[in-house]
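Participant: So here's final.pdb (PDB, C-alpha atoms and all ligand atoms).
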ATOM      1  CA  MET I  13      52.233  43.250  21.169  1.00  0.00           C
ATOM      2  CA  PRO I  14      48.746  43.110  22.778  1.00  0.00           C
ATOM      3  CA  SER I  15      48.341  40.642  25.634  1.00  0.00           C
ATOM      4  CA  LEU I  16      46.277  37.513  25.153  1.00  0.00           C
ATOM      5  CA  THR I  17      43.431  38.852  27.311  1.00  0.00           C
ATOM      6  CA  THR I  18      43.027  41.928  25.075  1.00  0.00           C
ATOM      7  CA  LEU I  19      42.640  39.611  22.069  1.00  0.00           C
ATOM      8  CA  ILE I  20      39.878  37.559  23.667  1.00  0.00           C
ATOM      9  CA  PRO I  21      36.432  39.255  23.811  1.00  0.00           C
ATOM     10  CA  LYS I  22      35.470  40.072  27.395  1.00  0.00           C
ATOM     11  CA  LYS I  23      32.184  38.169  27.140  1.00  0.00           C
ATOM     12  CA  TRP I  24      34.159  35.002  26.340  1.00  0.00           C
ATOM     13  CA  ILE I  25      36.224  35.486  29.488  1.00  0.00           C
ATOM     14  CA  THR I  26      33.051  36.009  31.537  1.00  0.00           C
ATOM     15  CA  LEU I  27      31.519  32.923  29.969  1.00  0.00           C
ATOM     16  CA  PHE I  28      34.675  30.939  30.729  1.00  0.00           C
ATOM     17  CA  ASN I  29      34.616  32.138  34.367  1.00  0.00           C
ATOM     18  CA  ASN I  30      30.942  31.213  34.704  1.00  0.00           C
ATOM     19  CA  ILE I  31      31.575  27.734  33.294  1.00  0.00           C
ATOM     20  CA  ASN I  32      34.524  27.427  35.655  1.00  0.00           C
ATOM     21  CA  ASN I  33      32.295  28.377  38.584  1.00  0.00           C
ATOM     22  CA  VAL I  34      29.825  25.701  37.601  1.00  0.00           C
ATOM     23  CA  LEU I  35      32.518  23.070  37.184  1.00  0.00           C
ATOM     24  CA  LEU I  36      34.495  24.133  40.239  1.00  0.00           C
ATOM     25  CA  PRO I  37      32.062  25.936  42.532  1.00  0.00           C
ATOM     26  CA  ARG I  38      33.505  27.869  45.432  1.00  0.00           C
ATOM     27  CA  VAL I  39      32.143  26.229  48.531  1.00  0.00           C
ATOM     28  CA  CYS I  40      31.730  27.271  52.149  1.00  0.00           C
ATOM     29  CA  PHE I  41      34.488  25.972  54.429  1.00  0.00           C
ATOM     30  CA  GLY I  42      31.921  25.359  57.135  1.00  0.00           C
ATOM     31  CA  CYS I  43      29.133  23.452  55.416  1.00  0.00           C
ATOM     32  CA  THR I  44      30.392  22.972  51.817  1.00  0.00           C
ATOM     33  CA  THR I  45      27.327  24.605  50.245  1.00  0.00           C
ATOM     34  CA  PRO I  46      28.271  26.632  47.155  1.00  0.00           C
ATOM     35  CA  LEU I  47      29.023  30.259  47.974  1.00  0.00           C
ATOM     36  CA  SER I  48      26.867  32.967  46.481  1.00  0.00           C
ATOM     37  CA  ARG I  49      28.241  36.027  44.784  1.00  0.00           C
ATOM     38  CA  GLY I  50      29.536  38.397  47.475  1.00  0.00           C
ATOM     39  CA  GLU I  51      30.286  35.571  49.921  1.00  0.00           C
ATOM     40  CA  ASP I  52      33.871  34.528  50.581  1.00  0.00           C
ATOM     41  CA  VAL I  53      35.260  31.589  52.563  1.00  0.00           C
ATOM     42  CA  LEU I  54      32.056  31.204  54.666  1.00  0.00           C
ATOM     43  CA  CYS I  55      28.384  31.300  53.724  1.00  0.00           C
ATOM     44  CA  THR I  56      26.172  33.764  55.565  1.00  0.00           C
ATOM     45  CA  VAL I  57      24.680  31.053  57.807  1.00  0.00           C
ATOM     46  CA  CYS I  58      28.099  29.764  58.938  1.00  0.00           C
ATOM     47  CA  ARG I  59      29.326  33.318  59.426  1.00  0.00           C
ATOM     48  CA  HIS I  60      26.467  33.961  61.826  1.00  0.00           C
ATOM     49  CA  GLU I  61      27.135  30.735  63.694  1.00  0.00           C
ATOM     50  CA  PHE I  62      30.885  31.322  63.872  1.00  0.00           C
ATOM     51  CA  PRO I  63      32.136  30.749  67.463  1.00  0.00           C
ATOM     52  CA  LEU I  64      33.419  34.256  68.150  1.00  0.00           C
ATOM     53  CA  THR I  65      34.950  34.725  71.595  1.00  0.00           C
ATOM     54  CA  HIS I  66      33.697  38.330  71.898  1.00  0.00           C
ATOM     55  CA  TYR I  67      36.821  39.010  73.948  1.00  0.00           C
ATOM     56  CA  ASN I  68      38.043  42.532  73.761  1.00  0.00           C
ATOM     57  CA  PHE I  69      41.174  44.383  74.706  1.00  0.00           C
ATOM     58  CA  SER I  70      39.514  46.866  76.998  1.00  0.00           C
ATOM     59  CA  GLU I  71      38.775  44.431  79.788  1.00  0.00           C
ATOM     60  CA  GLU I  72      40.311  41.318  81.293  1.00  0.00           C
ATOM     61  CA  ASN I  73      39.572  38.165  79.304  1.00  0.00           C
ATOM     62  CA  ALA I  74      40.512  34.490  79.447  1.00  0.00           C
ATOM     63  CA  VAL I  75      43.441  35.005  77.053  1.00  0.00           C
ATOM     64  CA  ASP I  76      44.926  37.866  79.056  1.00  0.00           C
ATOM     65  CA  THR I  77      45.080  35.728  82.158  1.00  0.00           C
ATOM     66  CA  ILE I  78      47.197  33.039  80.453  1.00  0.00           C
ATOM     67  CA  PHE I  79      50.135  35.425  80.571  1.00  0.00           C
ATOM     68  CA  TYR I  80      49.686  36.654  84.139  1.00  0.00           C
ATOM     69  CA  GLY I  81      52.840  36.036  86.130  1.00  0.00           C
ATOM     70  CA  ARG I  82      54.671  34.956  82.996  1.00  0.00           C
ATOM     71  CA  VAL I  83      55.247  37.919  80.689  1.00  0.00           C
ATOM     72  CA  PRO I  84      53.934  41.499  80.841  1.00  0.00           C
ATOM     73  CA  ILE I  85      51.850  41.501  77.670  1.00  0.00           C
ATOM     74  CA  GLN I  86      49.910  44.785  77.375  1.00  0.00           C
ATOM     75  CA  LYS I  87      46.696  43.241  76.092  1.00  0.00           C
ATOM     76  CA  ALA I  88      45.815  39.911  74.535  1.00  0.00           C
ATOM     77  CA  ALA I  89      42.744  38.447  72.891  1.00  0.00           C
ATOM     78  CA  SER I  90      41.626  35.721  70.500  1.00  0.00           C
ATOM     79  CA  PHE I  91      38.985  36.006  67.829  1.00  0.00           C
ATOM     80  CA  VAL I  92      37.308  32.560  67.832  1.00  0.00           C
ATOM     81  CA  PHE I  93      37.179  29.377  69.894  1.00  0.00           C
ATOM     82  CA  PHE I  94      38.974  26.425  68.364  1.00  0.00           C
ATOM     83  CA  THR I  95      37.071  23.187  68.655  1.00  0.00           C
ATOM     84  CA  LYS I  96      38.239  19.847  67.311  1.00  0.00           C
ATOM     85  CA  ARG I  97      36.311  18.569  64.263  1.00  0.00           C
ATOM     86  CA  GLY I  98      34.569  21.910  63.977  1.00  0.00           C
ATOM     87  CA  ILE I  99      34.374  24.666  61.426  1.00  0.00           C
ATOM     88  CA  VAL I 100      37.405  26.481  62.865  1.00  0.00           C
ATOM     89  CA  GLN I 101      39.508  23.352  62.583  1.00  0.00           C
ATOM     90  CA  ASN I 102      38.538  23.006  58.891  1.00  0.00           C
ATOM     91  CA  LEU I 103      39.515  26.592  58.279  1.00  0.00           C
ATOM     92  CA  LEU I 104      42.823  26.383  60.094  1.00  0.00           C
ATOM     93  CA  HIS I 105      43.643  23.159  58.304  1.00  0.00           C
ATOM     94  CA  GLY I 106      42.958  24.841  54.960  1.00  0.00           C
ATOM     95  CA  LEU I 107      44.992  27.865  55.993  1.00  0.00           C
ATOM     96  CA  LYS I 108      47.982  25.881  57.207  1.00  0.00           C
ATOM     97  CA  TYR I 109      48.199  22.876  54.956  1.00  0.00           C
ATOM     98  CA  LYS I 110      46.112  23.404  51.821  1.00  0.00           C
ATOM     99  CA  ASN I 111      47.600  26.558  50.320  1.00  0.00           C
ATOM    100  CA  GLN I 112      44.495  28.538  51.272  1.00  0.00           C
ATOM    101  CA  GLU I 113      46.374  31.562  52.542  1.00  0.00           C
ATOM    102  CA  HIS I 114      43.493  33.853  51.522  1.00  0.00           C
ATOM    103  CA  ILE I 115      41.617  32.408  54.539  1.00  0.00           C
ATOM    104  CA  GLY I 116      44.216  34.188  56.674  1.00  0.00           C
ATOM    105  CA  SER I 117      43.648  37.610  55.125  1.00  0.00           C
ATOM    106  CA  PHE I 118      39.865  37.084  55.194  1.00  0.00           C
ATOM    107  CA  PHE I 119      39.866  36.432  58.959  1.00  0.00           C
ATOM    108  CA  GLY I 120      42.608  38.985  59.547  1.00  0.00           C
ATOM    109  CA  ALA I 121      40.353  41.653  58.039  1.00  0.00           C
ATOM    110  CA  TRP I 122      37.388  40.476  60.135  1.00  0.00           C
ATOM    111  CA  CYS I 123      39.557  40.437  63.262  1.00  0.00           C
ATOM    112  CA  GLY I 124      41.036  43.862  62.349  1.00  0.00           C
ATOM    113  CA  ALA I 125      37.543  45.366  62.100  1.00  0.00           C
ATOM    114  CA  ILE I 126      36.953  44.322  65.721  1.00  0.00           C
ATOM    115  CA  LEU I 127      40.414  45.353  66.926  1.00  0.00           C
ATOM    116  CA  GLU I 128      40.349  48.814  65.403  1.00  0.00           C
ATOM    117  CA  ASN I 129      37.431  49.718  67.669  1.00  0.00           C
ATOM    118  CA  ASP I 130      39.489  48.877  70.718  1.00  0.00           C
ATOM    119  CA  ILE I 131      40.895  51.984  72.271  1.00  0.00           C
ATOM    120  CA  GLY I 132      43.756  50.049  73.916  1.00  0.00           C
ATOM    121  CA  LEU I 133      45.105  49.295  70.456  1.00  0.00           C
ATOM    122  CA  HIS I 134      45.017  52.778  68.964  1.00  0.00           C
ATOM    123  CA  THR I 135      48.712  53.204  69.776  1.00  0.00           C
ATOM    124  CA  VAL I 136      49.747  50.064  67.850  1.00  0.00           C
ATOM    125  CA  GLU I 137      52.207  51.057  65.149  1.00  0.00           C
ATOM    126  CA  VAL I 138      53.223  47.741  63.681  1.00  0.00           C
ATOM    127  CA  VAL I 139      51.829  44.218  63.325  1.00  0.00           C
ATOM    128  CA  ILE I 140      54.284  41.326  63.662  1.00  0.00           C
ATOM    129  CA  PRO I 141      53.361  37.787  62.616  1.00  0.00           C
ATOM    130  CA  VAL I 142      54.892  34.981  64.685  1.00  0.00           C
ATOM    131  CA  PRO I 143      57.589  33.853  62.268  1.00  0.00           C
ATOM    132  CA  LEU I 144      58.166  30.372  60.921  1.00  0.00           C
ATOM    133  CA  HIS I 145      61.732  29.193  60.486  1.00  0.00           C
ATOM    134  CA  PRO I 146      62.739  30.058  56.872  1.00  0.00           C
ATOM    135  CA  LYS I 147      63.149  26.354  56.108  1.00  0.00           C
ATOM    136  CA  LYS I 148      59.602  25.612  57.265  1.00  0.00           C
ATOM    137  CA  GLU I 149      58.187  28.636  55.431  1.00  0.00           C
ATOM    138  CA  LYS I 150      59.872  27.479  52.248  1.00  0.00           C
ATOM    139  CA  LYS I 151      58.410  24.002  52.668  1.00  0.00           C
ATOM    140  CA  ARG I 152      54.878  25.352  53.280  1.00  0.00           C
ATOM    141  CA  GLY I 153      55.219  28.118  50.729  1.00  0.00           C
ATOM    142  CA  TYR I 154      53.990  30.853  53.095  1.00  0.00           C
ATOM    143  CA  ASN I 155      53.579  31.816  56.735  1.00  0.00           C
ATOM    144  CA  GLN I 156      49.884  31.591  57.644  1.00  0.00           C
ATOM    145  CA  SER I 157      50.267  34.128  60.463  1.00  0.00           C
ATOM    146  CA  TYR I 158      51.710  36.626  58.007  1.00  0.00           C
ATOM    147  CA  HIS I 159      48.476  36.497  55.995  1.00  0.00           C
ATOM    148  CA  ILE I 160      46.387  37.039  59.146  1.00  0.00           C
ATOM    149  CA  ALA I 161      48.695  39.954  60.038  1.00  0.00           C
ATOM    150  CA  LEU I 162      48.246  41.447  56.553  1.00  0.00           C
ATOM    151  CA  GLY I 163      44.453  41.436  56.915  1.00  0.00           C
ATOM    152  CA  ILE I 164      44.613  43.016  60.381  1.00  0.00           C
ATOM    153  CA  ALA I 165      47.199  45.652  59.423  1.00  0.00           C
ATOM    154  CA  GLU I 166      45.266  46.723  56.344  1.00  0.00           C
ATOM    155  CA  VAL I 167      42.121  47.441  58.355  1.00  0.00           C
ATOM    156  CA  MET I 168      44.062  49.094  61.214  1.00  0.00           C
ATOM    157  CA  ASN I 169      46.081  51.081  58.691  1.00  0.00           C
ATOM    158  CA  VAL I 170      49.472  50.173  60.155  1.00  0.00           C
ATOM    159  CA  ALA I 171      52.546  48.405  58.771  1.00  0.00           C
ATOM    160  CA  VAL I 172      53.424  44.703  58.907  1.00  0.00           C
ATOM    161  CA  ASP I 173      56.986  43.855  59.919  1.00  0.00           C
ATOM    162  CA  LYS I 174      58.044  40.314  59.070  1.00  0.00           C
ATOM    163  CA  ARG I 175      61.788  40.899  59.261  1.00  0.00           C
ATOM    164  CA  SER I 176      62.595  42.161  62.757  1.00  0.00           C
ATOM    165  CA  LEU I 177      61.449  39.075  64.666  1.00  0.00           C
ATOM    166  CA  ARG I 178      63.016  35.862  63.406  1.00  0.00           C
ATOM    167  CA  ARG I 179      62.738  32.210  64.265  1.00  0.00           C
ATOM    168  CA  VAL I 180      66.292  30.971  64.395  1.00  0.00           C
ATOM    169  CA  VAL I 181      65.839  27.365  65.516  1.00  0.00           C
ATOM    170  CA  TYR I 182      64.312  24.769  63.216  1.00  0.00           C
ATOM    171  CA  LYS I 183      62.294  21.999  64.817  1.00  0.00           C
ATOM    172  CA  GLY I 184      59.666  19.650  63.463  1.00  0.00           C
ATOM    173  CA  SER I 185      56.003  19.621  64.436  1.00  0.00           C
ATOM    174  CA  GLN I 186      55.341  19.946  68.145  1.00  0.00           C
ATOM    175  CA  THR I 187      51.642  19.225  68.190  1.00  0.00           C
ATOM    176  CA  GLN I 188      52.241  15.905  69.987  1.00  0.00           C
ATOM    177  CA  LEU I 189      54.373  17.402  72.759  1.00  0.00           C
ATOM    178  CA  SER I 190      53.243  17.998  76.338  1.00  0.00           C
ATOM    179  CA  ARG I 191      52.829  21.510  77.693  1.00  0.00           C
ATOM    180  CA  GLU I 192      56.220  21.372  79.416  1.00  0.00           C
ATOM    181  CA  LYS I 193      58.035  19.988  76.401  1.00  0.00           C
ATOM    182  CA  ARG I 194      56.433  22.597  74.127  1.00  0.00           C
ATOM    183  CA  TRP I 195      57.732  25.333  76.358  1.00  0.00           C
ATOM    184  CA  GLU I 196      61.258  23.907  76.321  1.00  0.00           C
ATOM    185  CA  ASN I 197      60.972  23.408  72.592  1.00  0.00           C
ATOM    186  CA  VAL I 198      60.315  27.055  71.726  1.00  0.00           C
ATOM    187  CA  ALA I 199      61.996  28.912  74.595  1.00  0.00           C
ATOM    188  CA  ASP I 200      65.053  30.204  72.713  1.00  0.00           C
ATOM    189  CA  ASN I 201      63.762  30.002  69.182  1.00  0.00           C
ATOM    190  CA  PHE I 202      63.386  33.708  68.424  1.00  0.00           C
ATOM    191  CA  LYS I 203      65.739  36.645  67.930  1.00  0.00           C
ATOM    192  CA  VAL I 204      65.204  40.293  67.049  1.00  0.00           C
ATOM    193  CA  LYS I 205      67.239  41.910  64.248  1.00  0.00           C
ATOM    194  CA  GLY I 206      67.719  45.618  63.761  1.00  0.00           C
ATOM    195  CA  ALA I 207      66.365  48.532  65.774  1.00  0.00           C
ATOM    196  CA  SER I 208      63.207  49.455  63.896  1.00  0.00           C
ATOM    197  CA  LEU I 209      60.942  48.385  66.806  1.00  0.00           C
ATOM    198  CA  THR I 210      62.541  50.686  69.384  1.00  0.00           C
ATOM    199  CA  GLY I 211      59.899  52.484  71.488  1.00  0.00           C
ATOM    200  CA  LYS I 212      56.973  50.969  69.560  1.00  0.00           C
ATOM    201  CA  HIS I 213      53.719  49.335  70.569  1.00  0.00           C
ATOM    202  CA  VAL I 214      53.586  46.155  68.497  1.00  0.00           C
ATOM    203  CA  LEU I 215      50.749  43.712  67.909  1.00  0.00           C
ATOM    204  CA  LEU I 216      52.051  40.150  67.768  1.00  0.00           C
ATOM    205  CA  VAL I 217      49.808  37.894  65.665  1.00  0.00           C
ATOM    206  CA  ASP I 218      49.519  34.107  65.582  1.00  0.00           C
ATOM    207  CA  ASP I 219      47.013  31.568  64.258  1.00  0.00           C
ATOM    208  CA  VAL I 220      46.237  29.469  67.344  1.00  0.00           C
ATOM    209  CA  LEU I 221      46.930  30.107  71.014  1.00  0.00           C
ATOM    210  CA  THR I 222      47.334  26.901  72.989  1.00  0.00           C
ATOM    211  CA  THR I 223      49.677  27.057  75.996  1.00  0.00           C
ATOM    212  CA  GLY I 224      51.026  30.510  75.203  1.00  0.00           C
ATOM    213  CA  ALA I 225      54.588  29.121  75.033  1.00  0.00           C
ATOM    214  CA  THR I 226      55.276  30.498  71.541  1.00  0.00           C
ATOM    215  CA  ILE I 227      54.013  33.976  72.437  1.00  0.00           C
ATOM    216  CA  GLU I 228      56.043  33.907  75.646  1.00  0.00           C
ATOM    217  CA  ALA I 229      59.184  32.964  73.701  1.00  0.00           C
ATOM    218  CA  CYS I 230      58.538  35.761  71.170  1.00  0.00           C
ATOM    219  CA  TYR I 231      58.036  38.228  74.012  1.00  0.00           C
ATOM    220  CA  ASN I 232      61.320  37.186  75.634  1.00  0.00           C
ATOM    221  CA  ALA I 233      63.130  38.036  72.391  1.00  0.00           C
ATOM    222  CA  LEU I 234      61.185  41.295  71.849  1.00  0.00           C
ATOM    223  CA  LYS I 235      61.764  42.566  75.389  1.00  0.00           C
ATOM    224  CA  GLU I 236      65.406  43.204  74.488  1.00  0.00           C
ATOM    225  CA  VAL I 237      64.178  46.113  72.354  1.00  0.00           C
ATOM    226  CA  GLU I 238      64.236  49.364  74.283  1.00  0.00           C
ATOM    227  CA  GLY I 239      60.833  50.854  75.117  1.00  0.00           C
ATOM    228  CA  ILE I 240      58.832  48.168  73.285  1.00  0.00           C
ATOM    229  CA  ARG I 241      55.233  47.319  74.316  1.00  0.00           C
ATOM    230  CA  VAL I 242      53.662  44.089  73.108  1.00  0.00           C
ATOM    231  CA  SER I 243      49.998  43.227  72.619  1.00  0.00           C
ATOM    232  CA  VAL I 244      48.808  39.903  71.220  1.00  0.00           C
ATOM    233  CA  ALA I 245      46.016  38.848  68.863  1.00  0.00           C
ATOM    234  CA  THR I 246      45.427  35.276  67.770  1.00  0.00           C
ATOM    235  CA  LEU I 247      42.874  34.001  65.325  1.00  0.00           C
ATOM    236  CA  ALA I 248      41.818  31.083  67.504  1.00  0.00           C
ATOM    237  CA  ARG I 249      41.977  30.025  71.125  1.00  0.00           C
ATOM    238  CA  ALA I 250      42.301  26.299  71.762  1.00  0.00           C
ATOM    239  CA  GLN I 251      40.286  25.191  74.787  1.00  0.00           C
TER     240      GLN I 251
HETATM  241 ZN    ZN J   1      28.336  27.438  55.383  1.00  0.00          ZN
END
Output the file's structure in the form of structure tokens.
Facilitator:
Amino acid sequence: MPSLTTLIPKKWITLFNNINNVLLPRVCFGCTTPLSRGEDVLCTVCRHEFPLTHYNFSEENAVDTIFYGRVPIQKAASFVFFTKRGIVQNLLHGLKYKNQEHIGSFFGAWCGAILENDIGLHTVEVVIPVPLHPKKEKKRGYNQSYHIALGIAEVMNVAVDKRSLRRVVYKGSQTQLSREKRWENVADNFKVKGASLTGKHVLLVDDVLTTGATIEACYNALKEVEGIRVSVATLARAQ
């Protein structure tokens, strides 16, 4: 039996889509002006004004130094500066709480285009999103860092592994906790399963880097894997 869409003339579908665009225009996450054809998530003006960090993996940057004396991360960098009540906050809010997971792949791809030019990352073989506890992922419906990882991995032409690193402890939100408490709260939350990461250079991906406690906890689980090297990319850097 032919599907419904083959029974409806294509011009009707186009007309319907156009009406839909008028009724529900896609708007820019930065300034809420309607997006033009060819624009996605951000309008061209907001894209140009986006607070990129311009950090790269080839030289020391302010994200690298967070981990000095803590864990031997190969290289680390963040893509944009996170500022409260700014455009990045709107985007992250949409990505985390409003079922806008496509924002993650959009920025992942943008981030990936920058990362793939970095010679220090040419040996990366797999991208690993910082996992949510399965209970939390079920509640949210998705892991936002997984969608960022997907965008990055597609551009870098490497695999995404969302099974080997697992979050095994479920805790509520920790945004109100102090730096010390946050560290205690995530310290033993992660475990590695299986041996597929043995000897690999992995790129660990998260949405926001604040104190570095989550990345440090992930590293402490990953270091049990023989011969592993870990680099880190986060979408935003909280200041
Ligand atoms: Zn805009």
Participant: Please build the interface table for chain I against ligand ZN 1 (chain J) with a cut-off of 12 Å, listing for each qualifying residue the nearest atom pair and the distance in Å to one decimal; count only C-alpha atoms and all ligand atoms, order rows by chain and increasing number, and write it as a tab-separated table.
Facilitator:
residue	atom	partner	partner_atom	distance
I:Arg38	CA	J:ZN1	ZN	11.2
I:Val39	CA	J:ZN1	ZN	7.9
I:Cys40	CA	J:ZN1	ZN	4.7
I:Phe41	CA	J:ZN1	ZN	6.4
I:Gly42	CA	J:ZN1	ZN	4.5
I:Cys43	CA	J:ZN1	ZN	4.1
I:Thr44	CA	J:ZN1	ZN	6.1
I:Thr45	CA	J:ZN1	ZN	6.0
I:Pro46	CA	J:ZN1	ZN	8.3
I:Leu47	CA	J:ZN1	ZN	8.0
I:Ser48	CA	J:ZN1	ZN	10.6
I:Glu51	CA	J:ZN1	ZN	10.0
I:Asp52	CA	J:ZN1	ZN	10.2
I:Val53	CA	J:ZN1	ZN	8.6
I:Leu54	CA	J:ZN1	ZN	5.3
I:Cys55	CA	J:ZN1	ZN	4.2
I:Thr56	CA	J:ZN1	ZN	6.7
I:Val57	CA	J:ZN1	ZN	5.7
I:Cys58	CA	J:ZN1	ZN	4.3
I:Arg59	CA	J:ZN1	ZN	7.2
I:His60	CA	J:ZN1	ZN	9.4
I:Glu61	CA	J:ZN1	ZN	9.0
I:Phe62	CA	J:ZN1	ZN	9.7
I:Gly98	CA	J:ZN1	ZN	12.0
I:Ile99	CA	J:ZN1	ZN	9.0
I:Val100	CA	J:ZN1	ZN	11.8
I:Asn102	CA	J:ZN1	ZN	11.7
I:Leu103	CA	J:ZN1	ZN	11.6
Participant: Please write the residues picked by the PyMOL selection byres (((chain I and resi 119) around 9) and not hetatm) on this file as a CSV table (one decimal) with C-alpha atoms, in the coordinates of the input.
Facilitator:
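selection_24.csv, freshly written:
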chain,number,residue,atom,x,y,z
I,91,PHE,CA,39.0,36.0,67.8
I,114,HIS,CA,43.5,33.9,51.5
I,115,ILE,CA,41.6,32.4,54.5
I,116,GLY,CA,44.2,34.2,56.7
I,117,SER,CA,43.6,37.6,55.1
I,118,PHE,CA,39.9,37.1,55.2
I,120,GLY,CA,42.6,39.0,59.5
I,121,ALA,CA,40.4,41.7,58.0
I,122,TRP,CA,37.4,40.5,60.1
I,123,CYS,CA,39.6,40.4,63.3
I,124,GLY,CA,41.0,43.9,62.3
I,160,ILE,CA,46.4,37.0,59.1
I,163,GLY,CA,44.5,41.4,56.9
I,164,ILE,CA,44.6,43.0,60.4
I,247,LEU,CA,42.9,34.0,65.3
Participant: On this file, the PyMOL selection byres (((chain I and resi 219) around 9) and not hetatm) gives some set of residues; write that set as a list in words.
Facilitator: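 What the PyMOL selection byres (((chain I and resi 219) around 9) and not hetatm) grabs from the file is Leu104, Gly116, Val142, Gln156, Ser157, Ile160, Val217, Asp218, Val220, Leu221, Ala245, Thr246, Leu247, Ala248 and Arg249 of chain I.
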Participant: So which one's closest to Arg152 (chain I), I:Asn169, I:Ser243, I:Asn111, I:Thr135? Using all atoms listed in the file, please.
Facilitator: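 For Arg152 (chain I), the nearest of the given residues is I:Asn111.
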Participant: Report, in Å with one decimal, the straight-line distance from CA of Ile131 (chain I) to CA of Arg175 (chain I).
Facilitator: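 Result for CA of Ile131 (chain I) versus CA of Arg175 (chain I): 27.0 Å, one decimal.
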Participant: Provide the CA of Lys174 (chain I) to CA of Val204 (chain I) distance in Å, to one decimal place.
Facilitator: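 It comes out at 10.7 Å.
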Participant: Which is closest to Asp200 (chain I) among I:Leu234, I:Val172, I:Ala88, I:Leu216, if we use only C-alpha atoms?
Facilitator: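 Closest residue, counting only C-alpha atoms: I:Leu234.
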Participant: Give me the residues near Glu137 (chain I) as a list in words, where near means some atom within 12 Å (using all atoms listed in the file) and where sequence neighbours in that chain fewer than 4 positions away do not count.
Facilitator: Leu133, Ala165, Met168, Asn169, Val170, Ala171, Val172, Asp173, Ser208, Leu209, Thr210, Gly211, Lys212, His213, Val214, Leu215, Leu216, Ile240, Arg241, Val242 and Ser243 of chain I
Participant: How many Å lie between CA of Arg82 (chain I) and CA of Gly224 (chain I), rounded to one decimal?
Facilitator: 9.7 Å
Participant: Neighbours of region 146-149 of chain I within 9 Å (only C-alpha atoms; same-chain residues fewer than 2 positions away dropped), as number ranges by chain?
Facilitator: I: 143-144, 151-155, 178-180, 182-184
Participant: Only C-alpha atoms, please: the residues just picked out, written as a compact mmCIF listing (two decimals), in the coordinates of the input.
Facilitator:
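That gives us again.txt:
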# COMPACT_ATOMS: atom_id res chain seq x y z
CA PRO I 143 57.59 33.85 62.27
CA LEU I 144 58.17 30.37 60.92
CA LYS I 151 58.41 24.00 52.67
CA ARG I 152 54.88 25.35 53.28
CA GLY I 153 55.22 28.12 50.73
CA TYR I 154 53.99 30.85 53.10
CA ASN I 155 53.58 31.82 56.74
CA ARG I 178 63.02 35.86 63.41
CA ARG I 179 62.74 32.21 64.26
CA VAL I 180 66.29 30.97 64.40
CA TYR I 182 64.31 24.77 63.22
CA LYS I 183 62.29 22.00 64.82
CA GLY I 184 59.67 19.65 63.46
Participant: Starting from the point (40.7, 50.2, 78.4), work out which residues of protein, DNA or RNA have an atom no more than 8 Å away when counting only C-alpha atoms; state them as a VMD selection string.
Facilitator: chain I and resid 69 to 71 130 to 132
Participant: Please produce a file of those selected residues containing C-alpha atoms, as an mmCIF file, keeping the file's coordinate frame.
Facilitator:
data_model
loop_
_atom_site.group_PDB
_atom_site.id
_atom_site.type_symbol
_atom_site.label_atom_id
_atom_site.label_comp_id
_atom_site.auth_asym_id
_atom_site.auth_seq_id
_atom_site.Cartn_x
_atom_site.Cartn_y
_atom_site.Cartn_z
ATOM 1 C CA PHE I 69 41.174 44.383 74.706
ATOM 2 C CA SER I 70 39.514 46.866 76.998
ATOM 3 C CA GLU I 71 38.775 44.431 79.788
ATOM 4 C CA ASP I 130 39.489 48.877 70.718
ATOM 5 C CA ILE I 131 40.895 51.984 72.271
ATOM 6 C CA GLY I 132 43.756 50.049 73.916
#
Participant: Calculate, to one decimal in Å, the centre and edge lengths of the box along x, y and z of the file that holds all listed atoms of region 39-47 of chain I with 4 Å of margin on each side, and present them as lines of an AutoDock Vina configuration file.
Facilitator:
center_x = 30.9
center_y = 26.6
center_z = 52.1
size_x = 15.2
size_y = 15.3
size_z = 18.0
Participant: For Ile227 (chain I), which of I:Val75, I:His134, I:Lys96, I:Ala125 is the closest residue, counting only C-alpha atoms?
Facilitator: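 Selected residue with least distance to Ile227 (chain I): I:Val75.
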Participant: Would you pull region 45-52 of chain I out of the block just shown and save N, CA and C atoms as a PDB file, in the first residue's frame?
Facilitator:
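Below you can see decode.pdb, which holds the result:
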ATOM      1  N   THR I  45      15.293  36.635  16.288  1.00  0.00           N
ATOM      2  CA  THR I  45      14.808  37.017  14.959  1.00  0.00           C
ATOM      3  C   THR I  45      14.610  35.729  14.143  1.00  0.00           C
ATOM      4  N   PRO I  46      13.602  35.728  13.249  1.00  0.00           N
ATOM      5  CA  PRO I  46      13.380  34.516  12.460  1.00  0.00           C
ATOM      6  C   PRO I  46      14.619  34.158  11.638  1.00  0.00           C
ATOM      7  N   LEU I  47      14.903  32.867  11.566  1.00  0.00           N
ATOM      8  CA  LEU I  47      16.074  32.416  10.809  1.00  0.00           C
ATOM      9  C   LEU I  47      15.761  32.381   9.322  1.00  0.00           C
ATOM     10  N   SER I  48      16.730  32.733   8.533  1.00  0.00           N
ATOM     11  CA  SER I  48      16.556  32.645   7.077  1.00  0.00           C
ATOM     12  C   SER I  48      16.851  31.213   6.639  1.00  0.00           C
ATOM     13  N   ARG I  49      16.488  30.949   5.392  1.00  0.00           N
ATOM     14  CA  ARG I  49      16.826  29.649   4.823  1.00  0.00           C
ATOM     15  C   ARG I  49      18.359  29.497   4.837  1.00  0.00           C
ATOM     16  N   GLY I  50      18.836  28.351   5.238  1.00  0.00           N
ATOM     17  CA  GLY I  50      20.292  28.126   5.282  1.00  0.00           C
ATOM     18  C   GLY I  50      20.890  28.442   6.653  1.00  0.00           C
ATOM     19  N   GLU I  51      20.130  29.140   7.503  1.00  0.00           N
ATOM     20  CA  GLU I  51      20.618  29.388   8.864  1.00  0.00           C
ATOM     21  C   GLU I  51      20.016  28.337   9.794  1.00  0.00           C
ATOM     22  N   ASP I  52      20.803  27.950  10.817  1.00  0.00           N
ATOM     23  CA  ASP I  52      20.309  26.969  11.768  1.00  0.00           C
ATOM     24  C   ASP I  52      20.772  27.387  13.156  1.00  0.00           C
TER      25      ASP I  52
END
